[in-house]
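Shown below: entry.cif, with mmCIF, C-alpha atoms.
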data_target
#
loop_
_atom_site.label_atom_id
_atom_site.label_comp_id
_atom_site.auth_asym_id
_atom_site.auth_seq_id
_atom_site.Cartn_x
_atom_site.Cartn_y
_atom_site.Cartn_z
CA GLU A 84 -127.87 74.96 62.50
CA GLU A 85 -124.80 73.51 60.67
CA GLU A 86 -121.56 73.37 62.50
CA ALA A 87 -118.69 75.16 60.84
CA THR A 88 -115.75 73.09 59.58
CA PRO A 89 -112.50 74.21 61.10
CA PRO A 90 -109.94 75.51 58.65
CA VAL A 91 -106.97 73.29 57.79
CA SER A 92 -103.50 74.72 57.96
CA ARG A 93 -100.97 74.46 54.96
CA THR A 94 -98.55 72.56 57.05
CA GLY A 95 -101.05 70.00 57.88
CA SER A 96 -102.11 69.69 54.24
CA ARG A 97 -98.53 69.10 53.06
CA GLY A 98 -97.96 66.47 55.73
CA ALA A 99 -101.13 64.72 54.80
CA GLY A 100 -100.18 64.73 51.12
CA ARG A 101 -96.77 63.27 51.81
CA SER A 102 -98.31 60.57 53.93
CA ARG A 103 -100.59 59.59 51.12
CA ARG A 104 -97.72 59.38 48.57
CA ARG A 105 -95.47 57.21 50.78
CA THR A 106 -98.10 54.56 51.36
CA PRO A 107 -97.83 52.04 48.45
CA ALA A 108 -100.92 50.86 46.82
CA LYS A 109 -101.88 47.33 47.57
CA ARG A 110 -101.55 44.90 44.59
CA SER A 111 -103.48 41.85 43.93
CA ALA A 112 -101.72 38.64 44.98
CA LEU A 113 -102.63 37.02 41.67
CA LEU A 114 -100.94 39.80 39.68
CA THR A 115 -97.81 39.61 41.82
CA VAL A 116 -97.32 35.92 41.11
CA ALA A 117 -98.42 36.03 37.49
CA VAL A 118 -95.97 38.67 36.22
CA PRO A 119 -92.71 36.83 37.17
CA SER A 120 -94.19 33.57 35.96
CA ALA A 121 -94.90 35.09 32.57
CA CYS A 122 -91.32 36.31 32.34
CA VAL A 123 -89.95 32.88 33.20
CA VAL A 124 -92.21 31.24 30.66
CA GLY A 125 -91.08 33.71 28.02
CA VAL A 126 -87.41 33.07 28.67
CA ALA A 127 -88.01 29.33 28.61
CA CYS A 128 -89.83 29.63 25.32
CA ILE A 129 -87.00 31.64 23.77
CA ALA A 130 -84.43 29.09 25.02
CA ALA A 131 -86.50 26.24 23.72
CA ALA A 132 -86.81 27.93 20.38
CA SER A 133 -83.09 28.49 20.23
CA VAL A 134 -82.31 24.94 21.19
CA GLY A 135 -84.90 23.67 18.82
CA GLY A 136 -83.44 25.73 15.99
CA PHE A 137 -79.88 24.53 16.75
CA THR A 138 -81.00 20.96 17.07
CA GLY A 139 -82.92 21.21 13.90
CA ASP A 140 -79.89 22.53 11.95
CA GLY A 141 -77.67 19.80 13.43
CA ASN A 142 -80.13 17.18 12.38
CA LYS A 143 -80.19 18.69 8.92
CA ASP A 144 -76.34 18.59 8.72
CA THR A 145 -76.26 15.05 10.03
CA ALA A 146 -78.91 14.02 7.60
CA ALA A 147 -77.04 15.77 4.79
CA SER A 148 -73.81 14.04 5.77
CA ALA A 149 -75.60 10.72 5.90
CA LEU A 150 -77.04 11.39 2.45
CA ASP A 151 -73.68 12.53 1.06
CA ALA A 152 -71.77 9.43 2.39
CA HIS A 153 -71.57 6.75 -0.25
CA PRO A 154 -71.53 3.12 0.75
CA VAL A 155 -68.20 1.28 0.18
CA LYS A 156 -68.60 -1.24 -2.57
CA PRO A 157 -67.18 -4.73 -1.91
CA SER A 158 -65.23 -4.68 -5.20
CA THR A 159 -63.38 -1.51 -4.15
CA ALA A 160 -62.40 -3.05 -0.82
CA ASN A 161 -61.29 -6.23 -2.54
CA ASN A 162 -59.19 -4.28 -5.05
CA LYS A 163 -57.51 -2.37 -2.23
CA LEU A 164 -56.82 -5.62 -0.38
CA ASP A 165 -55.47 -7.19 -3.55
CA THR A 166 -53.14 -4.22 -4.04
CA GLN A 167 -51.86 -4.55 -0.48
CA LEU A 168 -51.36 -8.28 -0.91
CA GLN A 169 -49.50 -7.72 -4.20
CA SER A 170 -47.27 -5.16 -2.48
CA LEU A 171 -46.53 -7.58 0.36
CA SER A 172 -45.87 -10.37 -2.12
CA ALA A 173 -43.50 -8.16 -4.13
CA GLY A 174 -41.69 -7.19 -0.92
CA ALA A 175 -41.38 -10.83 0.07
CA ASP A 176 -40.08 -11.74 -3.41
CA ASP A 177 -37.54 -8.91 -3.25
CA PHE A 178 -36.39 -10.01 0.20
CA ALA A 179 -36.10 -13.60 -0.99
CA ASP A 180 -34.13 -12.48 -4.04
CA ARG A 181 -31.74 -10.42 -1.94
CA ALA A 182 -31.36 -13.27 0.54
CA SER A 183 -30.63 -15.62 -2.35
CA ARG A 184 -27.97 -13.29 -3.76
CA THR A 185 -26.44 -12.92 -0.29
CA GLN A 186 -26.33 -16.68 0.10
CA GLU A 187 -24.77 -16.99 -3.36
CA ARG A 188 -22.04 -14.52 -2.36
CA ILE A 189 -21.46 -16.45 0.86
CA ASP A 190 -21.29 -19.72 -1.06
CA LEU A 191 -18.95 -18.17 -3.64
CA LYS A 192 -16.67 -16.81 -0.92
CA ALA A 193 -16.67 -20.17 0.83
CA GLN A 194 -15.88 -21.89 -2.47
CA GLN A 195 -13.06 -19.45 -3.17
CA GLU A 196 -11.67 -19.96 0.33
CA ALA A 197 -11.87 -23.72 -0.12
CA GLU A 198 -10.13 -23.50 -3.51
CA LYS A 199 -7.50 -21.19 -2.07
CA LYS A 200 -6.90 -23.58 0.80
CA LYS A 201 -6.76 -26.52 -1.59
CA ALA A 202 -4.29 -24.68 -3.84
CA ALA A 203 -2.13 -23.81 -0.83
CA GLU A 204 -2.17 -27.41 0.31
CA GLU A 205 -1.27 -28.58 -3.19
CA ALA A 206 1.55 -26.04 -3.39
CA ALA A 207 2.85 -27.19 0.00
CA ARG A 208 2.68 -30.81 -1.15
CA LYS A 209 4.59 -30.01 -4.34
CA GLU A 210 7.11 -28.04 -2.33
CA ARG A 211 7.70 -31.01 -0.06
CA LEU A 212 8.12 -33.32 -3.05
CA ARG A 213 10.19 -30.88 -5.08
CA PRO A 214 13.88 -31.85 -5.29
CA LYS A 215 16.05 -29.40 -3.39
CA PHE A 216 19.25 -30.43 -5.17
CA VAL A 217 19.69 -30.94 -8.93
CA LEU A 218 22.58 -31.61 -11.30
CA PRO A 219 23.53 -28.42 -13.19
CA VAL A 220 23.17 -30.11 -16.61
CA MET A 221 21.24 -33.08 -17.91
CA GLN A 222 24.26 -34.72 -19.53
CA ARG A 223 26.18 -37.25 -17.45
CA GLY A 224 29.94 -37.74 -17.49
CA LEU A 225 32.85 -35.52 -16.48
CA SER A 226 35.89 -34.35 -18.44
CA ALA A 227 37.87 -33.12 -15.39
CA TYR A 228 37.76 -33.78 -11.66
CA PHE A 229 38.50 -31.80 -8.53
CA GLY A 230 42.20 -31.49 -7.54
CA GLN A 231 43.63 -32.41 -10.91
CA ALA A 232 46.83 -30.70 -12.03
CA GLY A 233 47.71 -29.80 -15.60
CA VAL A 234 48.80 -27.17 -18.04
CA ASN A 235 45.24 -25.86 -18.33
CA TRP A 236 45.13 -24.64 -14.72
CA MET A 237 47.34 -22.24 -12.82
CA SER A 238 47.10 -24.61 -9.85
CA VAL A 239 45.07 -27.71 -9.14
CA HIS A 240 41.55 -27.89 -10.55
CA THR A 241 39.03 -26.32 -8.13
CA GLY A 242 35.90 -27.94 -9.51
CA ILE A 243 34.52 -30.48 -11.99
CA ASP A 244 33.91 -30.02 -15.71
CA PHE A 245 30.87 -31.12 -17.71
CA PRO A 246 31.83 -31.50 -21.41
CA VAL A 247 28.60 -30.05 -22.84
CA SER A 248 28.15 -28.28 -26.17
CA TYR A 249 27.86 -24.51 -26.55
CA GLY A 250 24.48 -23.11 -25.44
CA THR A 251 23.45 -26.05 -23.24
CA THR A 252 20.91 -25.09 -20.57
CA VAL A 253 22.47 -24.74 -17.12
CA MET A 254 20.19 -25.26 -14.09
CA ALA A 255 20.44 -24.14 -10.48
CA ALA A 256 21.84 -26.91 -8.30
CA THR A 257 20.11 -25.47 -5.19
CA ASP A 258 17.59 -22.83 -4.18
CA GLY A 259 19.28 -19.48 -3.81
CA THR A 260 19.96 -15.89 -4.85
CA VAL A 261 21.78 -15.05 -8.06
CA ARG A 262 24.93 -12.96 -8.46
CA THR A 263 26.80 -12.55 -11.75
CA GLN A 264 30.27 -11.27 -12.62
CA TRP A 265 33.11 -11.47 -15.11
CA ASN A 266 36.46 -13.11 -14.35
CA SER A 267 39.44 -13.44 -16.69
CA ALA A 268 39.91 -17.10 -15.76
CA TYR A 269 36.28 -18.13 -15.30
CA GLY A 270 34.80 -15.87 -17.97
CA ASN A 271 31.08 -15.18 -17.53
CA MET A 272 30.25 -16.67 -14.17
CA LEU A 273 27.08 -16.98 -12.09
CA ILE A 274 27.26 -17.49 -8.31
CA LEU A 275 24.21 -18.92 -6.55
CA THR A 276 24.05 -18.49 -2.75
CA ALA A 277 21.83 -20.94 -0.86
CA LYS A 278 20.07 -20.20 2.45
CA ASP A 279 22.81 -21.97 4.41
CA GLY A 280 25.43 -19.77 2.74
CA THR A 281 26.77 -22.45 0.39
CA GLU A 282 27.84 -21.01 -2.98
CA THR A 283 27.70 -22.92 -6.26
CA TRP A 284 29.68 -21.47 -9.17
CA TYR A 285 28.78 -21.86 -12.86
CA CYS A 286 31.64 -20.72 -15.14
CA HIS A 287 32.61 -20.16 -18.81
CA LEU A 288 28.97 -19.24 -19.63
CA SER A 289 27.81 -17.79 -22.94
CA ARG A 290 24.88 -15.81 -21.43
CA TYR A 291 22.56 -15.55 -18.43
CA GLN A 292 18.91 -16.58 -18.17
CA VAL A 293 18.09 -14.70 -14.94
CA PRO A 294 19.14 -11.24 -13.72
CA PRO A 295 21.33 -10.51 -10.67
CA GLY A 296 19.34 -10.58 -7.44
CA ALA A 297 16.86 -13.14 -8.74
CA ILE A 298 15.68 -15.83 -6.32
CA VAL A 299 15.59 -19.21 -8.02
CA LYS A 300 14.75 -22.78 -7.13
CA ALA A 301 16.72 -25.94 -7.73
CA GLY A 302 16.29 -27.15 -11.31
CA GLN A 303 15.36 -23.72 -12.67
CA PRO A 304 17.25 -22.67 -15.85
CA ILE A 305 19.68 -19.87 -14.97
CA ALA A 306 22.22 -19.67 -17.84
CA TYR A 307 23.71 -21.28 -20.97
CA SER A 308 27.09 -22.94 -21.29
CA GLY A 309 29.86 -21.40 -23.38
CA ASN A 310 33.59 -20.94 -23.85
CA SER A 311 34.28 -17.60 -22.17
CA GLY A 312 37.41 -16.89 -20.08
CA ASN A 313 40.37 -19.27 -19.85
CA SER A 314 38.83 -22.26 -21.64
CA THR A 315 40.02 -24.82 -24.21
CA GLY A 316 36.51 -25.44 -25.55
CA PRO A 317 32.81 -25.27 -24.63
CA HIS A 318 32.08 -26.86 -21.25
CA LEU A 319 30.61 -26.06 -17.82
CA HIS A 320 32.99 -25.58 -14.90
CA PHE A 321 31.09 -26.24 -11.61
CA GLU A 322 32.34 -25.47 -8.07
CA VAL A 323 30.94 -25.81 -4.52
CA ARG A 324 32.09 -23.41 -1.76
CA PRO A 325 30.47 -23.87 1.71
CA GLY A 326 29.84 -20.52 3.37
CA GLY A 327 31.38 -18.81 0.36
CA GLY A 328 34.84 -19.98 1.44
CA ALA A 329 37.37 -22.35 -0.13
CA PRO A 330 36.14 -24.82 -2.75
CA ILE A 331 35.47 -28.46 -1.92
CA ASP A 332 35.15 -31.51 -4.16
CA PRO A 333 31.68 -31.19 -5.74
CA LEU A 334 31.40 -34.94 -6.46
CA PRO A 335 30.96 -36.13 -2.81
CA TRP A 336 28.75 -33.13 -2.10
CA LEU A 337 26.44 -34.02 -5.01
CA ARG A 338 26.38 -37.66 -4.02
CA SER A 339 25.46 -36.74 -0.43
CA HIS A 340 22.29 -35.26 -1.88
CA GLY A 341 21.50 -38.31 -3.99
CA LEU A 342 23.06 -37.04 -7.22
CA ASP A 343 25.77 -38.68 -9.30
CA PRO A 344 27.07 -36.87 -12.40
CA THR A 345 29.42 -39.63 -13.57
#
Mind converting the file's structure to structure tokens?
Amino acid sequence: EEEATPPVSRTGSRGAGRSRRRTPAKRSALLTVAVPSACVVGVACIAAASVGGFTGDGNKDTAASALDAHPVKPSTANNKLDTQLQSLSAGADDFADRASRTQERIDLKAQQEAEKKKAAEEAARKERLRPKFVLPVMQRGLSAYFGQAGVNWMSVHTGIDFPVSYGTTVMAATDGTVRTQWNSAYGNMLILTAKDGTETWYCHLSRYQVPPGAIVKAGQPIAYSGNSGNSTGPHLHFEVRPGGGAPIDPLPWLRSHGLDPT
């Protein structure tokens, strides 16, 4: 006789069901290892493909660049070098030309300085040799002497007379500064004041050669003889007044400077 199976309660059935769901099913060890490995291999393949594609494109670009690059021909390089050498040569020629012109200017300036110095030395030499005292006229001989008395003078004669014709050139007896004036007795007169203050007077002139204020040197023409003022005929009346004071005998004064008008 079969034994009766005891009835199972609902609570017990639900507990048994939950117990069965919570227990995970056992997997094969081979499947567990194989699935991650397949994923890794897939990722590696994708990466390799990507790298391979990138590398392939780069190689193509490099190859294209290598194909596009043209080799430099020797003639082109030589022409470029020749151009550079020509430019350097032109620059050197220009520098040499400018240096030459600079040297020419230096030489010209040095030559001008040398000529200027030589001219100054020559002028100084001539100045040293130049006579500082000169007779007022070229003609020798006197018609009247200092201190003479006579009807032609209000008192004694204050100078010496050179009996020259009308219009004879009168020269400066010394270096000095010119002053001109009119005097009823002396007529047209020119007074030359030397550096030491000595005055030489040139009287009875017809006209002047130099203006008032002119600085003249001994022997320079300054006027022309005449017959102006209180005069009995054309002649040159010549006086010497040291410091612009009273007149002295011109004859000893001229002789003291190596000049003799007689």
Pairwise distance for atom CA of Thr276 of chain A and atom CA of Gly296 of chain A, rounded to one decimal in Å: 10.3 Å
Polymer residues at most 7 Å from segment 277-286 of chain A, all atoms listed in the file, same-chain spacing of 5 or more positions, as JSON, numbers by chain: {"A": [257, 258, 259, 260, 269, 270, 271, 272, 319, 320, 321, 322, 323, 324, 325, 326, 327]}
Matched chain/residue IDs from the PyMOL selection byres ((chain A and resi 337) around 12), as a list in words: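 Applying the PyMOL selection byres ((chain A and resi 337) around 12) to the structure shown produces Lys215, Phe216, Val217, Leu218, Pro219, Ile243, Ala256, Thr257, Thr283, Phe321, Glu322, Val323, Ile331, Asp332, Pro333, Leu334, Pro335, Trp336, Arg338, Ser339, His340, Gly341, Leu342, Asp343, Pro344 and Thr345 of chain A.
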Selection near Leu288 of chain A, 6 Å with only C-alpha atoms, sequence-local residues under 5 positions removed, as a PyMOL selection string: chain A and resi 271+307-309
May I have the residues from that selection written out with C-alpha atoms, as a PDB file, in the frame of the given file?
ATOM      1  CA  ASN A 271      31.080 -15.180 -17.530  1.00  0.00           C
ATOM      2  CA  TYR A 307      23.710 -21.280 -20.970  1.00  0.00           C
ATOM      3  CA  SER A 308      27.090 -22.940 -21.290  1.00  0.00           C
ATOM      4  CA  GLY A 309      29.860 -21.400 -23.380  1.00  0.00           C
TER       5      GLY A 309
END
Chain and number of each residue from the PyMOL selection byres ((chain A and resi 254) around 7), as a list of chain:residue names: A:Pro219, A:Val220, A:Thr252, A:Val253, A:Ala255, A:Ala256, A:Gly302, A:Gln303, A:Pro304, A:Ile305
Taking C-alpha atoms for each residue, export the selection above as a PDB file, keeping the file's coordinate frame.
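Contents of selection-v1.pdb, freshly written:
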ATOM      1  CA  PRO A 219      23.530 -28.420 -13.190  1.00  0.00           C
ATOM      2  CA  VAL A 220      23.170 -30.110 -16.610  1.00  0.00           C
ATOM      3  CA  THR A 252      20.910 -25.090 -20.570  1.00  0.00           C
ATOM      4  CA  VAL A 253      22.470 -24.740 -17.120  1.00  0.00           C
ATOM      5  CA  ALA A 255      20.440 -24.140 -10.480  1.00  0.00           C
ATOM      6  CA  ALA A 256      21.840 -26.910  -8.300  1.00  0.00           C
ATOM      7  CA  GLY A 302      16.290 -27.150 -11.310  1.00  0.00           C
ATOM      8  CA  GLN A 303      15.360 -23.720 -12.670  1.00  0.00           C
ATOM      9  CA  PRO A 304      17.250 -22.670 -15.850  1.00  0.00           C
ATOM     10  CA  ILE A 305      19.680 -19.870 -14.970  1.00  0.00           C
TER      11      ILE A 305
END
Selection result for the PyMOL selection byres ((chain A and resi 317) around 6) on this file, as a VMD selection string: chain A and resid 248 to 249 309 to 310 316 318
Two-atom distance - atom CA of Pro330 of chain A, atom CA of Ile274 of chain A (Å):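 The value is 12.8 Å.
One finds atom CA of Arg211 of chain A at 20.9 Å from atom CA of Ala197 of chain A.
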Residue nearest Ala268 of chain A among A:Ser238, A:Pro294, A:Ser314, A:Ser226 (counting all atoms listed in the file): A:Ser314
Pick from A:Gly242, A:Gly250, A:Gly328, A:Gly312, whichever lies nearest to Arg290 of chain A using only C-alpha atoms: A:Gly250
